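**Student:** Supplied structure: final09.cif, mmCIF, C-alpha atoms and all ligand atoms.
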data_protein
#
loop_
_atom_site.label_atom_id
_atom_site.label_comp_id
_atom_site.auth_asym_id
_atom_site.auth_seq_id
_atom_site.Cartn_x
_atom_site.Cartn_y
_atom_site.Cartn_z
CA MET A 1044 -7.15 -12.69 -11.02
CA ASP A 1045 -6.40 -15.85 -9.03
CA VAL A 1046 -4.27 -16.80 -6.06
CA HIS A 1047 -1.14 -16.88 -8.24
CA PHE A 1048 -1.75 -13.31 -9.35
CA PHE A 1049 -1.99 -12.08 -5.76
CA GLY A 1050 1.03 -14.16 -4.75
CA ALA A 1051 2.98 -12.54 -7.59
CA TRP A 1052 1.81 -9.12 -6.41
CA MET A 1053 3.12 -9.71 -2.86
CA GLU A 1054 6.38 -11.09 -4.29
CA LYS A 1055 6.81 -8.02 -6.50
CA CYS A 1056 6.09 -5.74 -3.53
CA ALA A 1057 8.75 -7.56 -1.50
CA ARG A 1058 11.31 -7.11 -4.29
CA VAL A 1059 10.54 -3.44 -4.93
CA VAL A 1060 10.44 -2.52 -1.24
CA HIS A 1061 13.77 -4.28 -0.74
CA GLU A 1062 15.33 -2.42 -3.69
CA GLN A 1063 13.86 0.91 -2.59
CA ARG A 1064 14.32 0.51 1.17
CA GLU A 1065 17.06 3.13 1.39
CA HIS A 1066 15.06 5.61 -0.65
CA LEU A 1067 12.04 5.10 1.65
CA THR A 1068 14.21 5.41 4.74
CA ARG A 1069 15.78 8.63 3.43
CA LEU A 1070 12.32 10.12 2.91
CA ASP A 1071 11.41 9.07 6.47
CA ALA A 1072 14.69 10.54 7.77
CA ALA A 1073 13.62 13.95 6.49
CA ILE A 1074 10.24 14.08 8.26
CA GLY A 1075 10.08 11.01 10.53
CA ASP A 1076 12.41 8.58 12.25
CA ALA A 1077 14.24 6.97 9.32
CA ASP A 1078 12.73 3.50 9.56
CA HIS A 1079 10.05 3.26 6.87
CA GLY A 1080 12.25 1.33 4.41
CA THR A 1081 13.49 -1.15 7.02
CA ASN A 1082 9.97 -1.53 8.46
CA LEU A 1083 8.45 -2.47 5.12
CA ASP A 1084 11.41 -4.57 4.02
CA ARG A 1085 11.09 -6.62 7.21
CA GLY A 1086 7.33 -6.83 6.78
CA PHE A 1087 7.30 -7.97 3.15
CA THR A 1088 10.15 -10.42 3.78
CA ALA A 1089 7.99 -11.95 6.51
CA ILE A 1090 4.99 -12.04 4.13
CA ARG A 1091 7.09 -13.92 1.57
CA GLN A 1092 8.07 -16.48 4.23
CA ALA A 1093 4.53 -16.86 5.58
CA LEU A 1094 3.11 -17.44 2.09
CA ALA A 1095 5.82 -20.00 1.31
CA GLU A 1096 5.27 -21.88 4.58
CA SER A 1097 1.50 -22.22 4.25
CA PRO A 1098 0.46 -21.33 0.69
CA PRO A 1099 -3.15 -20.07 0.66
CA THR A 1100 -5.44 -21.46 -2.03
CA ALA A 1101 -7.55 -18.34 -2.71
CA PRO A 1102 -6.87 -14.59 -3.06
CA GLY A 1103 -8.84 -13.57 0.06
CA PRO A 1104 -6.99 -15.82 2.51
CA LEU A 1105 -3.68 -14.87 0.86
CA LEU A 1106 -4.23 -11.14 1.45
CA ALA A 1107 -5.54 -11.82 4.96
CA LEU A 1108 -2.39 -13.79 5.83
CA ALA A 1109 -0.21 -11.03 4.35
CA GLY A 1110 -2.05 -8.43 6.46
CA THR A 1111 -1.80 -10.42 9.68
CA THR A 1112 1.91 -10.91 9.04
CA LEU A 1113 2.50 -7.17 8.56
CA ILE A 1114 0.64 -6.36 11.77
CA ARG A 1115 2.74 -8.91 13.66
CA LYS A 1116 6.11 -7.95 12.19
CA VAL A 1117 6.07 -4.19 11.72
CA GLY A 1118 6.06 -2.01 14.79
CA GLY A 1119 5.81 1.38 13.06
CA ALA A 1120 2.57 3.10 12.11
CA SER A 1121 2.73 1.66 8.60
CA GLY A 1122 2.55 -2.00 9.75
CA PRO A 1123 -0.88 -1.89 11.37
CA LEU A 1124 -2.18 0.48 8.67
CA TYR A 1125 -1.10 -1.60 5.66
CA GLY A 1126 -1.76 -4.79 7.61
CA SER A 1127 -5.36 -3.83 8.37
CA ALA A 1128 -5.92 -2.75 4.79
CA LEU A 1129 -4.73 -6.11 3.45
CA ARG A 1130 -6.66 -8.05 6.07
CA GLN A 1131 -9.91 -6.24 5.36
CA MET A 1132 -9.36 -6.62 1.62
CA GLY A 1133 -8.83 -10.34 2.16
CA LYS A 1134 -12.00 -10.62 4.21
CA ALA A 1135 -13.95 -8.71 1.56
CA LEU A 1136 -12.80 -11.12 -1.16
CA GLY A 1137 -13.90 -14.13 0.90
CA GLU A 1138 -13.12 -17.59 -0.43
CA ALA A 1139 -13.66 -16.82 -4.13
CA GLU A 1140 -11.04 -18.46 -6.35
CA SER A 1141 -11.16 -15.74 -8.94
CA VAL A 1142 -11.48 -11.97 -8.51
CA THR A 1143 -12.80 -9.51 -11.08
CA LEU A 1144 -11.64 -5.92 -11.46
CA ALA A 1145 -14.91 -4.79 -9.85
CA ASP A 1146 -14.27 -7.13 -6.88
CA LEU A 1147 -10.74 -5.79 -6.52
CA SER A 1148 -11.93 -2.19 -6.71
CA ALA A 1149 -14.55 -2.80 -4.00
CA ALA A 1150 -11.97 -4.57 -1.81
CA MET A 1151 -9.50 -1.69 -2.26
CA ASP A 1152 -12.18 0.74 -1.09
CA ILE A 1153 -12.63 -1.41 2.03
CA GLY A 1154 -8.84 -1.45 2.56
CA LEU A 1155 -8.77 2.34 2.32
CA GLN A 1156 -11.64 2.55 4.79
CA ALA A 1157 -9.62 0.44 7.22
CA VAL A 1158 -6.65 2.82 6.96
CA ARG A 1159 -8.91 5.82 7.46
CA TRP A 1160 -10.65 4.24 10.43
CA LEU A 1161 -7.40 3.27 12.13
CA GLY A 1162 -5.36 6.39 11.36
CA SER A 1163 -8.18 8.94 11.02
CA ALA A 1164 -6.28 10.71 8.24
CA GLU A 1165 -8.12 12.50 5.46
CA GLN A 1166 -6.80 13.42 2.05
CA GLY A 1167 -4.47 16.39 2.40
CA ASP A 1168 -3.01 15.26 5.75
CA LYS A 1169 0.22 14.10 4.01
CA THR A 1170 -0.06 10.35 4.59
CA MET A 1171 -0.45 7.14 2.60
CA VAL A 1172 -4.12 8.10 2.21
CA ASP A 1173 -3.02 10.77 -0.30
CA ALA A 1174 -1.81 8.03 -2.66
CA PHE A 1175 -4.28 5.30 -1.68
CA ALA A 1176 -7.47 7.38 -2.13
CA PRO A 1177 -6.74 8.61 -5.68
CA ALA A 1178 -5.72 5.08 -6.71
CA CYS A 1179 -9.04 3.72 -5.42
CA ALA A 1180 -10.92 6.50 -7.21
CA ALA A 1181 -9.11 5.68 -10.45
CA LEU A 1182 -10.03 2.00 -10.09
CA ARG A 1183 -13.66 2.87 -9.43
CA GLN A 1184 -13.71 5.06 -12.52
CA ALA A 1185 -12.07 2.34 -14.60
CA VAL A 1186 -14.73 -0.15 -13.51
CA ALA A 1187 -17.51 2.32 -14.31
CA GLU A 1188 -16.07 2.95 -17.76
CA GLY A 1189 -15.47 -0.73 -18.52
CA VAL A 1190 -11.70 -0.30 -18.83
CA LYS A 1191 -9.82 -3.60 -19.12
CA LEU A 1192 -7.60 -4.96 -16.35
CA PRO A 1193 -4.03 -3.96 -17.28
CA GLU A 1194 -5.07 -0.45 -18.30
CA ALA A 1195 -7.22 -0.03 -15.17
CA LEU A 1196 -4.29 -0.98 -12.94
CA ALA A 1197 -2.03 1.37 -14.90
CA MET A 1198 -4.52 4.19 -14.22
CA ALA A 1199 -4.52 3.33 -10.50
CA ALA A 1200 -0.70 3.27 -10.39
CA GLU A 1201 -0.51 6.62 -12.18
CA ALA A 1202 -3.01 8.14 -9.73
CA ALA A 1203 -1.10 6.79 -6.72
CA ASP A 1204 2.17 8.12 -8.11
CA GLN A 1205 0.70 11.56 -8.69
CA GLY A 1206 -0.89 11.47 -5.23
CA ALA A 1207 2.49 10.70 -3.64
CA LYS A 1208 4.13 13.58 -5.55
CA ASP A 1209 1.35 15.91 -4.43
CA THR A 1210 2.28 15.29 -0.77
CA VAL A 1211 5.48 17.35 -1.25
CA SER A 1212 3.64 20.65 -0.86
CA MET A 1213 1.44 19.47 2.02
CA GLN A 1214 1.91 20.07 5.73
CA ALA A 1215 1.63 16.84 7.74
CA ARG A 1216 -1.33 16.63 10.10
CA LYS A 1217 -1.02 12.94 11.07
CA GLY A 1218 1.83 10.66 12.13
CA ARG A 1219 5.33 11.61 13.25
CA ALA A 1220 5.79 14.14 10.45
CA SER A 1221 3.03 16.27 11.99
CA TYR A 1222 5.37 17.08 14.91
CA LEU A 1223 7.41 19.15 12.43
CA GLY A 1224 4.49 21.43 11.59
CA PRO A 1225 5.30 23.66 8.60
CA ARG A 1226 8.80 22.16 8.37
CA SER A 1227 7.22 19.01 6.95
CA ILE A 1228 6.43 20.98 3.77
CA GLY A 1229 8.77 20.35 0.84
CA HIS A 1230 9.28 16.61 1.44
CA GLN A 1231 7.46 13.67 -0.13
CA ASP A 1232 5.65 11.51 2.40
CA PRO A 1233 7.33 8.09 2.81
CA GLY A 1234 4.06 6.19 3.30
CA ALA A 1235 2.43 7.77 0.25
CA THR A 1236 5.59 6.85 -1.68
CA SER A 1237 5.43 3.20 -0.62
CA THR A 1238 1.72 3.10 -1.46
CA ALA A 1239 2.58 4.26 -4.98
CA MET A 1240 5.20 1.48 -5.17
CA ILE A 1241 2.60 -1.10 -4.11
CA PHE A 1242 0.17 0.08 -6.81
CA CYS A 1243 2.97 0.12 -9.41
CA ALA A 1244 3.77 -3.48 -8.42
CA LEU A 1245 0.13 -4.39 -9.00
CA ARG A 1246 0.24 -2.80 -12.45
CA ASP A 1247 3.49 -4.57 -13.32
CA VAL A 1248 2.10 -7.97 -12.28
CA SER A 1249 -0.98 -7.50 -14.46
CA SER A 1250 1.01 -6.47 -17.52
CA ALA A 1251 3.75 -9.12 -17.10
P1 LIG B 1 6.44 5.36 11.99
O1 LIG B 1 5.87 6.69 11.62
O2 LIG B 1 5.78 4.76 13.19
O3 LIG B 1 7.93 5.39 12.08
P2 LIG B 1 6.67 4.28 9.32
O4 LIG B 1 7.88 5.14 9.22
O5 LIG B 1 6.82 2.86 8.93
O6 LIG B 1 6.06 4.34 10.79
O7 LIG B 1 5.50 4.89 8.42
C1 LIG B 1 5.32 6.28 8.29
C2 LIG B 1 4.19 6.53 7.32
O8 LIG B 1 2.97 6.05 7.85
C3 LIG B 1 3.95 8.00 7.04
O9 LIG B 1 4.78 8.46 6.00
C4 LIG B 1 2.48 8.06 6.67
O10 LIG B 1 2.28 7.88 5.28
C5 LIG B 1 1.90 6.86 7.37
N1 LIG B 1 1.09 7.29 8.50
C6 LIG B 1 1.50 7.66 9.72
N2 LIG B 1 0.45 7.98 10.51
C7 LIG B 1 -0.67 7.80 9.75
C8 LIG B 1 -2.08 7.96 9.98
N3 LIG B 1 -2.56 8.34 11.17
N4 LIG B 1 -2.92 7.66 8.97
C9 LIG B 1 -2.44 7.24 7.77
N5 LIG B 1 -1.14 7.08 7.50
C10 LIG B 1 -0.26 7.36 8.47
MG MG B 2 9.16 5.97 10.56
#
Can you give me the file's structure in the form of structure tokens?
**Tutor:**
Amino acid sequence: MDVHFFGAWMEKCARVVHEQREHLTRLDAAIGDADHGTNLDRGFTAIRQALAESPPTAPGPLLALAGTTLIRKVGGASGPLYGSALRQMGKALGEAESVTLADLSAAMDIGLQAVRWLGSAEQGDKTMVDAFAPACAALRQAVAEGVKLPEALAMAAEAADQGAKDTVSMQARKGRASYLGPRSIGHQDPGATSTAMIFCALRDVSSA
């Protein structure tokens, strides 16, 4: 995977988030403050602009620029969380021009660590971690089993999707939704849903 692959991933994320912004905002209206779709749409639009203005020449710097842009442009909890994840992933990939599945898997783990460190959410707290962690685990397993790239990313997307669906029955223990206590049960977490979209975008770019 080269810089064009990661550029295509960010572009696909921007398109999907834009198309799904109302869906994400509706989910956030149920258990938050109804801004998750607009937050991410603004953030990924800014990423698109930043990448067009100063196109990075390697995957690491591209993800780092995307992360910095999200942190700068998105005020909600999701901006710093996703932004840090992308920035740490970028740092982990360094200046390498080409990234293997094993490299990507290791970088994803570091991105997840960044989210956990910043938000101190564990699996089961009804956050983006509930989609991100299973996706990382699926990638790790794919690497261990020698699964090829498109199939590995399909496994990660499937795991993220299932993880997002599994948040419906959870009670939120982190973020705004936690203020609702047991009333947060029965709704899918917006951040876990957008994480699943981001992993589905990654799958779609690899199989395009
Ligand atoms: P805000 O909650 O500030 O309005 P968003 O609506 O953009 O920000 O994002 C909400 C999402 O952020 C939640 O659905 C959840 O997945 C995620 N989130 C919130 N707090 C945390 C946390 N401490 N750790 C991990 N994810 C979190
Ligand atoms: Mg919100």
**Student:** Which protein, DNA or RNA residues have an atom within 7 Å of ligand MG 2 (chain B), counting all atoms listed in the file, as a list of chain:residue names?
**Tutor:**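 After applying the 7 Å limit, what remains is A:Asp1071, A:Gly1075, A:Asp1076, A:Ala1077, A:Asp1078, A:His1079, A:Gly1119.
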**Student:** Against ligand LIG 1 (chain B), which residues of chain A fall within 6 Å? For each one I want the closest pair of atoms and the distance in Å (one decimal), counting only C-alpha atoms and all ligand atoms, rows by chain and increasing residue number, as CSV.
**Tutor:**
residue,atom,partner,partner_atom,distance
A:Asp1071,CA,B:LIG1,O4,6.0
A:Asp1076,CA,B:LIG1,O3,5.5
A:Asp1078,CA,B:LIG1,O4,5.1
A:His1079,CA,B:LIG1,O4,3.7
A:Asn1082,CA,B:LIG1,O5,5.4
A:Gly1119,CA,B:LIG1,O2,3.4
A:Ala1120,CA,B:LIG1,O2,3.8
A:Ser1121,CA,B:LIG1,O7,4.3
A:Gly1162,CA,B:LIG1,N3,3.4
A:Ser1163,CA,B:LIG1,N3,5.7
A:Ala1164,CA,B:LIG1,N4,4.6
A:Thr1170,CA,B:LIG1,O10,3.5
A:Met1171,CA,B:LIG1,O10,3.9
A:Val1172,CA,B:LIG1,C9,5.9
A:Lys1217,CA,B:LIG1,N3,4.9
A:Gly1218,CA,B:LIG1,N2,3.4
A:Arg1219,CA,B:LIG1,O1,5.2
A:Asp1232,CA,B:LIG1,O9,4.8
A:Pro1233,CA,B:LIG1,O9,4.1
A:Gly1234,CA,B:LIG1,O10,3.2
A:Ala1235,CA,B:LIG1,O10,5.0
**Student:** Give me, please, the distance in Å between atom CA of Gly1086 of chain A and atom CA of Thr1210 of chain A, quoted to one decimal.
**Tutor:**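 About the pair atom CA of Gly1086 of chain A and atom CA of Thr1210 of chain A: they are 23.9 Å apart.
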**Student:** Check the smallest atom-to-atom distance from each of A:Gln1205, A:Pro1193, A:Val1211, A:Ser1237 to Glu1065 of chain A using only C-alpha atoms, then report the winner.
**Tutor:** A:Ser1237
**Student:** Using all atoms listed in the file for the distances, tell me which of A:Asp1168, A:Gly1206, A:Arg1064, A:Gly1118 is nearest to Ala1220 of chain A.
**Tutor:**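 Closest candidate: A:Asp1168.
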**Student:** Would you kindly return, as a short mmCIF file (atom, residue, chain, number, x, y, z; two decimals) with C-alpha atoms, in the frame of the given file, each protein, DNA or RNA residue with an atom no farther than 10 Å from any atom of Asp1084 of chain A, considering only C-alpha atoms and excluding same-chain residues fewer than 3 positions away?
**Tutor:**
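Dumped to around_21.cif:
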data_model
loop_
_atom_site.label_atom_id
_atom_site.label_comp_id
_atom_site.auth_asym_id
_atom_site.auth_seq_id
_atom_site.Cartn_x
_atom_site.Cartn_y
_atom_site.Cartn_z
CA CYS A 1056 6.09 -5.74 -3.53
CA ALA A 1057 8.75 -7.56 -1.50
CA ARG A 1058 11.31 -7.11 -4.29
CA VAL A 1059 10.54 -3.44 -4.93
CA VAL A 1060 10.44 -2.52 -1.24
CA HIS A 1061 13.77 -4.28 -0.74
CA GLU A 1062 15.33 -2.42 -3.69
CA GLN A 1063 13.86 0.91 -2.59
CA ARG A 1064 14.32 0.51 1.17
CA GLU A 1065 17.06 3.13 1.39
CA LEU A 1067 12.04 5.10 1.65
CA ASP A 1078 12.73 3.50 9.56
CA HIS A 1079 10.05 3.26 6.87
CA GLY A 1080 12.25 1.33 4.41
CA THR A 1081 13.49 -1.15 7.02
CA PHE A 1087 7.30 -7.97 3.15
CA THR A 1088 10.15 -10.42 3.78
CA ALA A 1089 7.99 -11.95 6.51
CA ILE A 1090 4.99 -12.04 4.13
CA VAL A 1117 6.07 -4.19 11.72
#
**Student:** What is the distance between atom CA of Ile1114 of chain A and atom CA of Leu1182 of chain A, in Å to one decimal?
**Tutor:**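 Distance between the two atoms: 25.7 Å.
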**Student:** Identify which of the residues A:Leu1144, A:Ala1150, A:Ala1203, A:Ala1239 lies closest to Lys1191 of chain A, counting all atoms listed in the file when measuring atom-to-atom distances.
**Tutor:**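 So, comparing all the options, the nearest one is A:Leu1144.
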**Student:** Taking only residues of segment 1141-1222 of chain A that have an atom at most 12 Å from an atom of segment 1101-1109 of chain A, what is each one's shortest atom pair and its distance in Å to one decimal, using all atoms listed in the file, in chain and number order, as a tab-separated table?
**Tutor:**
residue	atom	partner	partner_atom	distance
A:Ser1141	CA	A:Pro1102	CA	7.4
A:Val1142	CA	A:Pro1102	CA	7.6
A:Thr1143	CA	A:Pro1102	CA	11.2
A:Asp1146	CA	A:Gly1103	CA	10.9
A:Leu1147	CA	A:Pro1102	CA	10.2
A:Ala1150	CA	A:Gly1103	CA	9.7
A:Met1151	CA	A:Leu1106	CA	11.4
A:Gly1154	CA	A:Leu1106	CA	10.8
**Student:** Nearest to Met1044 of chain A: which of A:Cys1179, A:Ala1187, A:Leu1136, A:Ile1228 is it, counting only C-alpha atoms?
**Tutor:** A:Leu1136
**Student:** Find the distance between atom CA of His1230 of chain A and atom CA of Arg1246 of chain A and write it in Å to one decimal.
**Tutor:**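 So the answer is 25.5 Å.
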**Student:** Point out the residue among A:Ala1200, A:Gln1131, A:Ala1176, A:Phe1048 with the least atom-to-atom distance to Ala1251 of chain A, counting all atoms listed in the file.
**Tutor:** A:Phe1048
**Student:** Restricting the calculation to all atoms listed in the file: of A:Val1046, A:Ala1157, A:Ala1199, A:Met1240, which residue gets closest to Pro1099 of chain A?
**Tutor:** A:Val1046
**Student:** For segment 1213-1231 of chain A, supply N, CA, C and O atoms and report the output as a PDB file, keeping the file's coordinate frame.
**Tutor:**
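Resulting contents of part_38.pdb:
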ATOM      1  N   MET A1213       2.376  19.500   0.888  1.00  0.00           N
ATOM      2  CA  MET A1213       1.440  19.470   2.020  1.00  0.00           C
ATOM      3  C   MET A1213       2.165  19.588   3.355  1.00  0.00           C
ATOM      4  O   MET A1213       3.309  19.171   3.489  1.00  0.00           O
ATOM      5  N   GLN A1214       1.435  20.093   4.346  1.00  0.00           N
ATOM      6  CA  GLN A1214       1.910  20.070   5.730  1.00  0.00           C
ATOM      7  C   GLN A1214       1.285  18.869   6.425  1.00  0.00           C
ATOM      8  O   GLN A1214       0.075  18.653   6.334  1.00  0.00           O
ATOM      9  N   ALA A1215       2.121  18.074   7.117  1.00  0.00           N
ATOM     10  CA  ALA A1215       1.630  16.840   7.740  1.00  0.00           C
ATOM     11  C   ALA A1215       0.730  17.149   8.931  1.00  0.00           C
ATOM     12  O   ALA A1215       1.061  17.985   9.782  1.00  0.00           O
ATOM     13  N   ARG A1216      -0.411  16.466   8.954  1.00  0.00           N
ATOM     14  CA  ARG A1216      -1.330  16.630  10.100  1.00  0.00           C
ATOM     15  C   ARG A1216      -1.545  15.316  10.851  1.00  0.00           C
ATOM     16  O   ARG A1216      -2.280  15.288  11.832  1.00  0.00           O
ATOM     17  N   LYS A1217      -0.917  14.232  10.378  1.00  0.00           N
ATOM     18  CA  LYS A1217      -1.020  12.940  11.070  1.00  0.00           C
ATOM     19  C   LYS A1217       0.364  12.287  11.097  1.00  0.00           C
ATOM     20  O   LYS A1217       1.207  12.586  10.252  1.00  0.00           O
ATOM     21  N   GLY A1218       0.569  11.389  12.055  1.00  0.00           N
ATOM     22  CA  GLY A1218       1.830  10.660  12.130  1.00  0.00           C
ATOM     23  C   GLY A1218       2.963  11.523  12.661  1.00  0.00           C
ATOM     24  O   GLY A1218       2.771  12.695  13.013  1.00  0.00           O
ATOM     25  N   ARG A1219       4.159  10.915  12.705  1.00  0.00           N
ATOM     26  CA  ARG A1219       5.330  11.610  13.250  1.00  0.00           C
ATOM     27  C   ARG A1219       5.629  12.914  12.547  1.00  0.00           C
ATOM     28  O   ARG A1219       6.103  13.871  13.173  1.00  0.00           O
ATOM     29  N   ALA A1220       5.442  12.949  11.233  1.00  0.00           N
ATOM     30  CA  ALA A1220       5.790  14.140  10.450  1.00  0.00           C
ATOM     31  C   ALA A1220       5.015  15.356  10.925  1.00  0.00           C
ATOM     32  O   ALA A1220       5.469  16.499  10.756  1.00  0.00           O
ATOM     33  N   SER A1221       3.845  15.136  11.533  1.00  0.00           N
ATOM     34  CA  SER A1221       3.030  16.270  11.990  1.00  0.00           C
ATOM     35  C   SER A1221       3.719  17.043  13.116  1.00  0.00           C
ATOM     36  O   SER A1221       3.447  18.224  13.308  1.00  0.00           O
ATOM     37  N   TYR A1222       4.653  16.369  13.837  1.00  0.00           N
ATOM     38  CA  TYR A1222       5.370  17.080  14.910  1.00  0.00           C
ATOM     39  C   TYR A1222       6.213  18.224  14.347  1.00  0.00           C
ATOM     40  O   TYR A1222       6.563  19.146  15.062  1.00  0.00           O
ATOM     41  N   LEU A1223       6.559  18.128  13.055  1.00  0.00           N
ATOM     42  CA  LEU A1223       7.410  19.150  12.430  1.00  0.00           C
ATOM     43  C   LEU A1223       6.625  20.386  12.013  1.00  0.00           C
ATOM     44  O   LEU A1223       7.220  21.403  11.666  1.00  0.00           O
ATOM     45  N   GLY A1224       5.306  20.289  12.018  1.00  0.00           N
ATOM     46  CA  GLY A1224       4.490  21.430  11.590  1.00  0.00           C
ATOM     47  C   GLY A1224       4.852  21.853  10.177  1.00  0.00           C
ATOM     48  O   GLY A1224       5.037  20.996   9.304  1.00  0.00           O
ATOM     49  N   PRO A1225       5.024  23.175   9.964  1.00  0.00           N
ATOM     50  CA  PRO A1225       5.300  23.660   8.600  1.00  0.00           C
ATOM     51  C   PRO A1225       6.607  23.147   8.018  1.00  0.00           C
ATOM     52  O   PRO A1225       6.781  23.148   6.798  1.00  0.00           O
ATOM     53  N   ARG A1226       7.534  22.677   8.890  1.00  0.00           N
ATOM     54  CA  ARG A1226       8.800  22.160   8.370  1.00  0.00           C
ATOM     55  C   ARG A1226       8.648  20.834   7.635  1.00  0.00           C
ATOM     56  O   ARG A1226       9.580  20.353   6.991  1.00  0.00           O
ATOM     57  N   SER A1227       7.456  20.237   7.722  1.00  0.00           N
ATOM     58  CA  SER A1227       7.220  19.010   6.950  1.00  0.00           C
ATOM     59  C   SER A1227       6.949  19.320   5.468  1.00  0.00           C
ATOM     60  O   SER A1227       7.006  18.418   4.623  1.00  0.00           O
ATOM     61  N   ILE A1228       6.682  20.586   5.167  1.00  0.00           N
ATOM     62  CA  ILE A1228       6.430  20.980   3.770  1.00  0.00           C
ATOM     63  C   ILE A1228       7.726  20.888   2.968  1.00  0.00           C
ATOM     64  O   ILE A1228       8.803  21.198   3.480  1.00  0.00           O
ATOM     65  N   GLY A1229       7.599  20.415   1.711  1.00  0.00           N
ATOM     66  CA  GLY A1229       8.770  20.350   0.840  1.00  0.00           C
ATOM     67  C   GLY A1229       9.377  18.951   0.755  1.00  0.00           C
ATOM     68  O   GLY A1229      10.367  18.749   0.065  1.00  0.00           O
ATOM     69  N   HIS A1230       8.795  17.989   1.479  1.00  0.00           N
ATOM     70  CA  HIS A1230       9.280  16.610   1.440  1.00  0.00           C
ATOM     71  C   HIS A1230       8.146  15.674   1.046  1.00  0.00           C
ATOM     72  O   HIS A1230       7.011  15.872   1.477  1.00  0.00           O
ATOM     73  N   GLN A1231       8.488  14.652   0.259  1.00  0.00           N
ATOM     74  CA  GLN A1231       7.460  13.670  -0.130  1.00  0.00           C
ATOM     75  C   GLN A1231       7.243  12.692   1.020  1.00  0.00           C
ATOM     76  O   GLN A1231       8.196  12.224   1.643  1.00  0.00           O
TER      77      GLN A1231
END
